[in-house]
$ cat model_22.csv   # CSV, C-alpha atoms and all ligand atoms
chain,number,residue,atom,x,y,z
B,1,MET,CA,167.9,81.1,-5.5
B,2,ALA,CA,169.3,82.6,-8.6
B,3,GLY,CA,166.7,84.2,-11.0
B,4,ALA,CA,167.7,82.0,-13.9
B,5,GLU,CA,166.9,78.8,-11.9
B,6,ARG,CA,163.5,79.9,-10.7
B,7,ARG,CA,160.4,78.3,-12.2
B,8,PHE,CA,157.8,81.0,-12.5
B,9,GLU,CA,154.7,78.9,-12.3
B,10,ALA,CA,151.4,79.1,-10.4
B,11,PRO,CA,150.8,75.5,-9.6
B,12,GLU,CA,147.8,74.5,-7.5
B,13,ILE,CA,146.5,78.0,-7.2
B,14,TYR,CA,143.4,76.5,-5.6
B,15,GLY,CA,145.4,73.9,-3.8
B,16,ARG,CA,142.8,71.1,-4.4
B,17,ALA,CA,145.3,68.4,-5.1
B,18,ALA,CA,147.4,69.3,-2.1
B,19,ILE,CA,144.3,69.3,0.2
B,20,GLY,CA,143.2,65.9,-1.3
B,21,ARG,CA,146.5,64.3,-0.6
B,22,ILE,CA,146.6,65.5,3.0
B,23,ALA,CA,143.0,64.2,3.7
B,24,ARG,CA,143.8,60.8,2.2
B,25,SER,CA,146.9,60.5,4.4
B,26,LEU,CA,144.8,60.6,7.6
B,27,PRO,CA,142.7,58.0,9.4
B,28,PRO,CA,138.9,58.3,9.0
B,29,ILE,CA,138.1,60.6,12.0
B,30,GLU,CA,141.0,62.9,11.4
B,31,ARG,CA,140.2,62.9,7.6
B,32,ALA,CA,136.7,64.1,8.4
B,33,TYR,CA,138.2,66.9,10.6
B,34,ALA,CA,140.6,67.8,7.8
B,35,ASN,CA,137.8,68.0,5.3
B,36,ILE,CA,135.8,70.3,7.6
B,37,ARG,CA,138.9,72.4,8.4
B,38,PHE,CA,139.8,72.8,4.7
B,39,SER,CA,136.2,73.7,3.9
B,40,ILE,CA,136.4,76.5,6.5
B,41,LEU,CA,140.0,77.6,5.6
B,42,ARG,CA,139.1,77.8,1.9
B,43,PRO,CA,141.7,78.0,-0.8
B,44,LYS,CA,141.1,81.8,-1.0
B,45,LEU,CA,142.2,82.3,2.6
B,46,LEU,CA,145.1,79.8,2.3
B,47,SER,CA,146.3,81.5,-0.9
B,48,VAL,CA,146.5,84.8,0.9
B,49,MET,CA,148.6,83.2,3.6
B,50,ASP,CA,150.7,81.3,1.2
B,51,LEU,CA,151.6,84.5,-0.7
B,52,LEU,CA,152.5,86.3,2.6
B,53,LEU,CA,154.8,83.6,3.9
B,54,PRO,CA,158.3,83.3,2.6
B,55,ASP,CA,158.7,80.7,-0.2
B,56,GLU,CA,161.8,79.2,1.4
B,57,GLY,CA,163.6,79.1,4.8
B,58,ARG,CA,162.5,78.1,8.3
B,59,ILE,CA,158.8,78.8,9.1
B,60,LEU,CA,157.3,78.3,12.5
B,61,ASP,CA,153.7,76.9,12.7
B,62,ILE,CA,152.4,77.7,16.2
B,63,GLY,CA,149.6,75.4,17.3
B,64,CYS,CA,150.1,73.2,14.3
B,65,GLY,CA,147.5,70.5,15.4
B,66,PHE,CA,147.6,67.6,13.0
B,67,GLY,CA,150.0,69.4,10.7
B,68,LEU,CA,147.3,70.0,8.0
B,69,PHE,CA,148.6,73.5,7.1
B,70,ALA,CA,152.3,72.5,7.5
B,71,ALA,CA,151.5,69.8,4.9
B,72,TYR,CA,149.7,72.4,2.8
B,73,PHE,CA,152.3,75.2,2.9
B,74,GLY,CA,155.1,72.6,2.6
B,75,GLN,CA,153.6,71.2,-0.6
B,76,THR,CA,152.8,74.6,-2.2
B,77,GLN,CA,156.5,75.7,-1.7
B,78,PRO,CA,158.8,72.8,-1.2
B,79,GLY,CA,161.7,75.1,-0.2
B,80,ARG,CA,160.0,75.7,3.2
B,81,GLN,CA,161.2,73.9,6.3
B,82,ILE,CA,158.3,74.1,8.7
B,83,VAL,CA,158.7,73.7,12.4
B,84,GLY,CA,155.3,72.9,14.1
B,85,VAL,CA,154.6,73.2,17.8
B,86,ASP,CA,151.6,72.0,19.6
B,87,PRO,CA,151.0,70.8,23.2
B,88,ASP,CA,149.0,67.9,22.1
B,89,GLN,CA,151.3,64.8,21.7
B,90,ARG,CA,148.8,62.9,19.7
B,91,ARG,CA,148.4,65.7,17.1
B,92,ILE,CA,152.1,66.0,16.9
B,93,ALA,CA,152.5,62.3,16.2
B,94,MET,CA,149.8,62.6,13.5
B,95,ALA,CA,151.5,65.7,11.9
B,96,LYS,CA,154.8,63.6,11.6
B,97,ARG,CA,152.8,60.8,10.1
B,98,VAL,CA,151.1,63.1,7.5
B,99,CYS,CA,154.4,64.5,6.3
B,100,GLU,CA,155.9,61.0,6.2
B,101,ARG,CA,153.1,59.6,4.2
B,102,LEU,CA,153.2,62.5,1.7
B,103,GLY,CA,157.0,62.2,1.4
B,104,LEU,CA,157.5,65.8,2.7
B,105,GLU,CA,160.9,66.1,4.1
B,106,GLY,CA,162.7,68.7,6.2
B,107,HIS,CA,159.8,69.5,8.5
B,108,GLU,CA,159.8,69.1,12.3
B,109,PHE,CA,157.1,68.8,14.9
B,110,HIS,CA,157.6,69.3,18.6
B,111,ALA,CA,155.2,68.7,21.5
B,112,GLY,CA,155.2,71.8,23.6
B,113,ASP,CA,153.6,75.0,24.6
B,114,ALA,CA,154.4,77.9,22.3
B,115,ARG,CA,154.9,80.2,25.3
B,116,ASP,CA,157.9,78.3,26.6
B,117,ALA,CA,158.8,75.4,24.2
B,118,GLU,CA,162.5,75.2,23.4
B,119,LEU,CA,162.9,76.6,19.9
B,120,LYS,CA,166.4,76.9,18.4
B,121,GLY,CA,167.6,79.3,15.8
B,122,THR,CA,165.7,82.0,14.0
B,123,PHE,CA,162.8,81.8,11.6
B,124,ASP,CA,162.2,83.5,8.3
B,125,GLY,CA,158.4,83.4,8.9
B,126,ALA,CA,155.8,82.2,11.3
B,127,TYR,CA,152.1,81.6,11.2
B,128,VAL,CA,149.5,81.3,13.9
B,129,LEU,CA,146.3,79.8,12.4
B,130,ASP,CA,143.2,80.1,14.7
B,131,VAL,CA,145.3,79.6,17.8
B,132,MET,CA,145.7,83.1,19.4
B,133,HIS,CA,142.2,83.1,20.8
B,134,HIS,CA,143.1,79.8,22.7
B,135,ILE,CA,146.0,81.6,24.5
B,136,PRO,CA,145.1,83.2,27.9
B,137,ALA,CA,144.5,86.9,27.3
B,138,GLU,CA,147.4,88.0,29.6
B,139,ASP,CA,149.8,85.7,27.7
B,140,GLN,CA,149.0,86.9,24.2
B,141,LEU,CA,151.3,89.9,24.1
B,142,PRO,CA,154.3,88.0,25.7
B,143,LEU,CA,153.7,85.2,23.1
B,144,LEU,CA,153.8,87.8,20.2
B,145,ALA,CA,157.0,89.3,21.7
B,146,ARG,CA,158.5,85.8,21.8
B,147,LEU,CA,157.6,85.3,18.1
B,148,ARG,CA,159.2,88.6,17.2
B,149,ASP,CA,162.4,87.6,19.0
B,150,LEU,CA,162.4,84.3,17.1
B,151,LEU,CA,162.0,86.0,13.7
B,152,ALA,CA,165.0,87.1,11.6
B,153,PRO,CA,165.0,90.8,10.6
B,154,ARG,CA,162.2,91.4,8.0
B,155,GLY,CA,160.7,88.1,8.9
B,156,VAL,CA,156.9,88.0,8.7
B,157,LEU,CA,154.4,86.8,11.2
B,158,VAL,CA,151.1,85.8,9.7
B,159,LEU,CA,148.3,85.7,12.2
B,160,LYS,CA,145.0,84.3,11.0
B,161,ASP,CA,142.2,84.7,13.5
B,162,ILE,CA,138.6,85.7,14.0
B,163,THR,CA,137.8,89.4,14.6
B,164,THR,CA,135.0,90.4,16.9
B,165,GLU,CA,132.7,92.2,14.5
B,166,PRO,CA,130.1,91.7,13.2
B,167,PHE,CA,128.8,90.4,16.5
B,168,ILE,CA,126.7,87.7,14.8
B,169,GLY,CA,129.8,86.4,13.0
B,170,LEU,CA,131.7,86.2,16.3
B,171,LYS,CA,128.8,84.3,18.0
B,172,PHE,CA,128.6,81.9,15.0
B,173,THR,CA,132.3,81.1,15.4
B,174,GLU,CA,132.1,80.9,19.1
B,175,ILE,CA,129.4,78.3,19.0
B,176,LEU,CA,131.4,76.1,16.7
B,177,ASP,CA,134.6,76.6,18.8
B,178,ARG,CA,132.6,75.6,21.9
B,179,VAL,CA,131.6,72.3,20.1
B,180,MET,CA,135.4,71.6,19.8
B,181,VAL,CA,136.7,72.8,23.2
B,182,GLY,CA,133.7,72.6,25.5
B,183,TRP,CA,132.5,75.4,27.9
B,184,ASP,CA,135.3,75.5,30.4
B,185,GLU,CA,138.2,76.8,28.3
B,186,PRO,CA,138.1,80.6,27.9
B,187,LEU,CA,138.1,81.9,24.3
B,188,ASN,CA,140.0,85.2,24.0
B,189,TYR,CA,139.1,86.7,20.7
B,190,ARG,CA,140.2,90.3,20.0
B,191,HIS,CA,139.2,92.9,17.5
B,192,HIS,CA,141.7,93.1,14.7
B,193,ARG,CA,142.6,96.7,15.7
B,194,ASP,CA,143.7,95.3,19.1
B,195,TRP,CA,146.0,92.8,17.4
B,196,ALA,CA,147.4,95.6,15.2
B,197,GLN,CA,148.1,97.9,18.2
B,198,MET,CA,149.8,95.1,20.1
B,199,LEU,CA,151.9,94.1,17.1
B,200,THR,CA,152.8,97.7,16.3
B,201,SER,CA,153.8,98.3,20.0
B,202,LEU,CA,156.2,95.4,19.5
B,203,GLY,CA,157.9,97.0,16.5
B,204,PHE,CA,156.1,95.2,13.7
B,205,HIS,CA,154.8,96.8,10.5
B,206,VAL,CA,151.2,95.6,10.2
B,207,ARG,CA,148.9,95.0,7.3
B,208,MET,CA,145.5,93.3,7.5
B,209,VAL,CA,142.8,92.0,5.3
B,210,ARG,CA,139.4,90.5,6.0
B,211,VAL,CA,138.6,87.4,4.0
B,212,PRO,CA,134.9,87.0,3.5
B,213,ASP,CA,133.3,83.6,3.3
B,214,VAL,CA,130.0,82.1,2.3
B,215,LEU,CA,129.6,81.3,6.0
B,216,PRO,CA,129.6,84.2,8.5
B,217,TYR,CA,133.1,83.6,9.9
B,218,PRO,CA,134.7,87.0,10.5
B,219,HIS,CA,138.1,85.8,9.2
B,220,VAL,CA,141.0,88.3,9.4
B,221,VAL,CA,144.6,87.8,8.1
B,222,ILE,CA,147.2,90.0,9.7
B,223,ALA,CA,150.7,90.2,8.2
B,224,ALA,CA,153.2,91.6,10.7
B,225,THR,CA,156.7,92.3,9.4
B,226,LYS,CA,159.6,92.6,11.9
B,227,GLN,CA,161.5,95.8,11.3
B,228,ASP,CA,165.3,95.7,11.2
E,301,LIG,C1,141.7,75.4,16.6
E,301,LIG,S1,143.1,74.4,16.7
E,301,LIG,C2,144.0,75.0,15.3
E,301,LIG,C3,145.0,73.9,14.8
E,301,LIG,C4,145.6,74.3,13.5
E,301,LIG,N1,146.4,75.5,13.6
E,301,LIG,C5,144.6,74.4,12.4
E,301,LIG,O1,144.3,75.5,12.0
E,301,LIG,O2,144.0,73.3,12.1
E,301,LIG,C6,144.0,75.2,18.0
E,301,LIG,C7,145.4,74.5,18.3
E,301,LIG,O3,146.1,75.3,19.2
E,301,LIG,C8,146.8,74.4,20.0
E,301,LIG,N2,147.3,75.2,21.2
E,301,LIG,C9,146.5,75.6,22.2
E,301,LIG,N3,147.3,76.3,23.1
E,301,LIG,C10,148.5,76.3,22.6
E,301,LIG,C11,149.8,76.8,23.1
E,301,LIG,N4,149.9,77.4,24.3
E,301,LIG,N5,150.9,76.6,22.4
E,301,LIG,C12,150.8,76.0,21.2
E,301,LIG,N6,149.6,75.5,20.6
E,301,LIG,C13,148.5,75.6,21.4
E,301,LIG,C14,145.8,73.3,20.3
E,301,LIG,O4,146.4,72.2,20.8
E,301,LIG,C15,145.2,73.1,19.0
E,301,LIG,O5,145.9,72.1,18.2

$ encode --input "model_22.csv" --output "structure tokens" --more "lines below"
Ligand SMILES: C[S@@+](CC[C@H](N)C(=O)[O-])C[C@H]1O[C@@H](n2cnc3c(N)ncnc32)[C@H](O)[C@@H]1O
Amino acid sequence: MAGAERRFEAPEIYGRAAIGRIARSLPPIERAYANIRFSILRPKLLSVMDLLLPDEGRILDIGCGFGLFAAYFGQTQPGRQIVGVDPDQRRIAMAKRVCERLGLEGHEFHAGDARDAELKGTFDGAYVLDVMHHIPAEDQLPLLARLRDLLAPRGVLVLKDITTEPFIGLKFTEILDRVMVGWDEPLNYRHHRDWAQMLTSLGFHVRMVRVPDVLPYPHVVIAATKQD
């Protein structure tokens, strides 16, 4: 976009209006989930991710769930075309409905597993929001390699996950994750240094920040830029 046409504003810096609209577009149970999710993923964290992601172009949302964050990042920067992927058909249908209700156009949602879903073209950015620890440990590196291959040169992969220290923070998160997924599904958290080493071995340039919270979640945001 030409410099003269750009509007240098900082609308919705705390994203409250965007979050409110998303919650109101959902049926009651999903609305309650959305309110909990947005109280965990506070505006501080979302703003970090928002600024790391490109403000326009195609952006991949891996494990998009109900499309809460596609609807958020799609509202904060309307030039983004978000492509969400999640194996849960019901969540994909809900993500489409949320965007429809909010009048957000140009986004797509596909039911599929990020490890092998058919994804066409390249992406200017991608984000993986609290999903990597649900991927089997042996598939995490191949999935990151797949994402690298899907990114355009200088594309950024934003990985938000939970790091493994402090231990108490990890256990706090694990208990809450167990409430959601039960006891059978393995949870494959990694220390942020592990993620950084994996991403670096794949040729990404890596930067990371911890984002403290009032609750003891050990949130970490990792920005991995694909080198030319
Ligand atoms: C904790 S939820 C996070 C959903 C959403 N990113 C959010 O932050 O609200 C984890 C999501 O990852 C999805 N998921 C699990 N395995 C996946 C895979 N192999 N490929 C894509 N998504 C996956 C689940 O269906 C679920 O929607």

$ residues_near_ligand --input "model_22.csv" --ligand "ligand LIG 301 (chain E)" --cutoff "6 Å" --atoms "only C-alpha atoms and all ligand atoms" --output "list in words"
Ile62, Gly63, Cys64, Gly65, Val85, Asp86, Pro87, Asp88, Asp113, Ala114, Arg115, Leu129, Asp130, Val131, His134 and Ile135 of chain B

$ closest_residue --input "model_22.csv" --among "B:Ile22, B:Met180, B:Leu60, B:His133" --to "Leu104 of chain B" --atoms "all atoms listed in the file"
B:Ile22

$ closest_residue --input "model_22.csv" --among "B:Ala71, B:Ile40, B:Ala34, B:Val98" --to "Thr173 of chain B" --atoms "only C-alpha atoms"
B:Ile40

$ closest_residue --input "model_22.csv" --among "B:Phe109, B:Phe8, B:Arg193, B:Leu202" --to "Arg146 of chain B" --atoms "all atoms listed in the file"
B:Leu202

$ atom_distance --input "model_22.csv" --atom1 "atom CA of Pro43 of chain B" --atom2 "atom CA of Ile222 of chain B"
16.9 Å

$ decode --input "model_22.csv" --residues "segment 60-149 of chain B" --atoms "C-alpha atoms" --output "mmCIF file, in the first residue's frame"
data_model
loop_
_atom_site.group_PDB
_atom_site.id
_atom_site.type_symbol
_atom_site.label_atom_id
_atom_site.label_comp_id
_atom_site.auth_asym_id
_atom_site.auth_seq_id
_atom_site.Cartn_x
_atom_site.Cartn_y
_atom_site.Cartn_z
ATOM 1 C CA LEU B 60 -2.385 -19.293 8.092
ATOM 2 C CA ASP B 61 -4.100 -20.040 11.419
ATOM 3 C CA ILE B 62 -3.106 -23.566 12.479
ATOM 4 C CA GLY B 63 -5.607 -25.188 14.867
ATOM 5 C CA CYS B 64 -8.003 -22.268 14.434
ATOM 6 C CA GLY B 65 -10.760 -23.822 16.601
ATOM 7 C CA PHE B 66 -13.902 -21.657 16.558
ATOM 8 C CA GLY B 67 -12.043 -18.957 14.643
ATOM 9 C CA LEU B 68 -11.857 -16.628 17.646
ATOM 10 C CA PHE B 69 -8.403 -15.361 16.799
ATOM 11 C CA ALA B 70 -8.947 -15.303 13.033
ATOM 12 C CA ALA B 71 -11.919 -13.037 13.771
ATOM 13 C CA TYR B 72 -9.745 -10.957 16.125
ATOM 14 C CA PHE B 73 -6.712 -10.557 13.826
ATOM 15 C CA GLY B 74 -9.056 -10.141 10.848
ATOM 16 C CA GLN B 75 -10.775 -7.220 12.570
ATOM 17 C CA THR B 76 -7.629 -5.473 13.795
ATOM 18 C CA GLN B 77 -6.128 -5.503 10.262
ATOM 19 C CA PRO B 78 -8.802 -5.882 7.569
ATOM 20 C CA GLY B 79 -6.127 -6.370 4.866
ATOM 21 C CA ARG B 80 -5.404 -9.858 6.201
ATOM 22 C CA GLN B 81 -6.836 -12.953 4.490
ATOM 23 C CA ILE B 82 -6.794 -15.641 7.127
ATOM 24 C CA VAL B 83 -6.870 -19.325 6.249
ATOM 25 C CA GLY B 84 -7.819 -21.437 9.270
ATOM 26 C CA VAL B 85 -7.272 -25.194 9.567
ATOM 27 C CA ASP B 86 -8.590 -27.472 12.288
ATOM 28 C CA PRO B 87 -9.541 -31.163 12.273
ATOM 29 C CA ASP B 88 -12.779 -30.472 14.157
ATOM 30 C CA GLN B 89 -15.582 -30.011 11.583
ATOM 31 C CA ARG B 90 -17.943 -28.434 14.112
ATOM 32 C CA ARG B 91 -15.377 -25.801 15.084
ATOM 33 C CA ILE B 92 -14.697 -25.044 11.419
ATOM 34 C CA ALA B 93 -18.431 -24.550 10.793
ATOM 35 C CA MET B 94 -18.550 -22.211 13.801
ATOM 36 C CA ALA B 95 -15.500 -20.259 12.564
ATOM 37 C CA LYS B 96 -17.235 -19.680 9.211
ATOM 38 C CA ARG B 97 -20.371 -18.568 11.011
ATOM 39 C CA VAL B 98 -18.485 -16.114 13.265
ATOM 40 C CA CYS B 99 -16.866 -14.432 10.240
ATOM 41 C CA GLU B 100 -20.178 -14.336 8.384
ATOM 42 C CA ARG B 101 -21.980 -12.770 11.332
ATOM 43 C CA LEU B 102 -19.259 -10.168 11.739
ATOM 44 C CA GLY B 103 -19.264 -9.378 8.022
ATOM 45 C CA LEU B 104 -15.587 -10.368 7.779
ATOM 46 C CA GLU B 105 -14.845 -11.336 4.206
ATOM 47 C CA GLY B 106 -11.942 -13.017 2.453
ATOM 48 C CA HIS B 107 -11.178 -15.575 5.175
ATOM 49 C CA GLU B 108 -11.337 -19.347 4.652
ATOM 50 C CA PHE B 109 -11.664 -22.259 7.036
ATOM 51 C CA HIS B 110 -10.846 -25.865 6.198
ATOM 52 C CA ALA B 111 -11.405 -29.045 8.151
ATOM 53 C CA GLY B 112 -8.147 -30.975 8.198
ATOM 54 C CA ASP B 113 -5.031 -31.962 10.046
ATOM 55 C CA ALA B 114 -2.272 -29.359 9.739
ATOM 56 C CA ARG B 115 0.233 -32.161 9.177
ATOM 57 C CA ASP B 116 -1.249 -33.163 5.831
ATOM 58 C CA ALA B 117 -4.191 -30.880 4.937
ATOM 59 C CA GLU B 118 -4.102 -29.639 1.375
ATOM 60 C CA LEU B 119 -2.990 -26.001 1.535
ATOM 61 C CA LYS B 120 -2.524 -24.128 -1.701
ATOM 62 C CA GLY B 121 -0.163 -21.248 -2.399
ATOM 63 C CA THR B 122 2.215 -19.478 -0.054
ATOM 64 C CA PHE B 123 1.534 -17.460 3.078
ATOM 65 C CA ASP B 124 2.924 -14.146 4.276
ATOM 66 C CA GLY B 125 2.525 -15.227 7.877
ATOM 67 C CA ALA B 126 1.266 -18.043 10.059
ATOM 68 C CA TYR B 127 0.327 -18.450 13.701
ATOM 69 C CA VAL B 128 -0.063 -21.472 15.934
ATOM 70 C CA LEU B 129 -1.874 -20.455 19.074
ATOM 71 C CA ASP B 130 -1.736 -23.013 21.904
ATOM 72 C CA VAL B 131 -1.761 -25.892 19.427
ATOM 73 C CA MET B 132 1.828 -27.212 19.180
ATOM 74 C CA HIS B 133 1.589 -29.040 22.515
ATOM 75 C CA HIS B 134 -1.373 -31.022 21.128
ATOM 76 C CA ILE B 135 0.751 -32.324 18.215
ATOM 77 C CA PRO B 136 2.542 -35.665 18.828
ATOM 78 C CA ALA B 137 6.162 -34.935 19.839
ATOM 79 C CA GLU B 138 7.629 -36.765 16.821
ATOM 80 C CA ASP B 139 5.443 -34.725 14.434
ATOM 81 C CA GLN B 140 6.282 -31.280 15.816
ATOM 82 C CA LEU B 141 9.514 -30.754 13.839
ATOM 83 C CA PRO B 142 7.998 -32.043 10.547
ATOM 84 C CA LEU B 143 5.004 -29.719 11.069
ATOM 85 C CA LEU B 144 7.308 -26.722 11.632
ATOM 86 C CA ALA B 145 9.219 -27.705 8.466
ATOM 87 C CA ARG B 146 5.923 -27.847 6.584
ATOM 88 C CA LEU B 147 5.013 -24.365 7.815
ATOM 89 C CA ARG B 148 8.410 -23.047 6.743
ATOM 90 C CA ASP B 149 7.823 -24.460 3.261
#
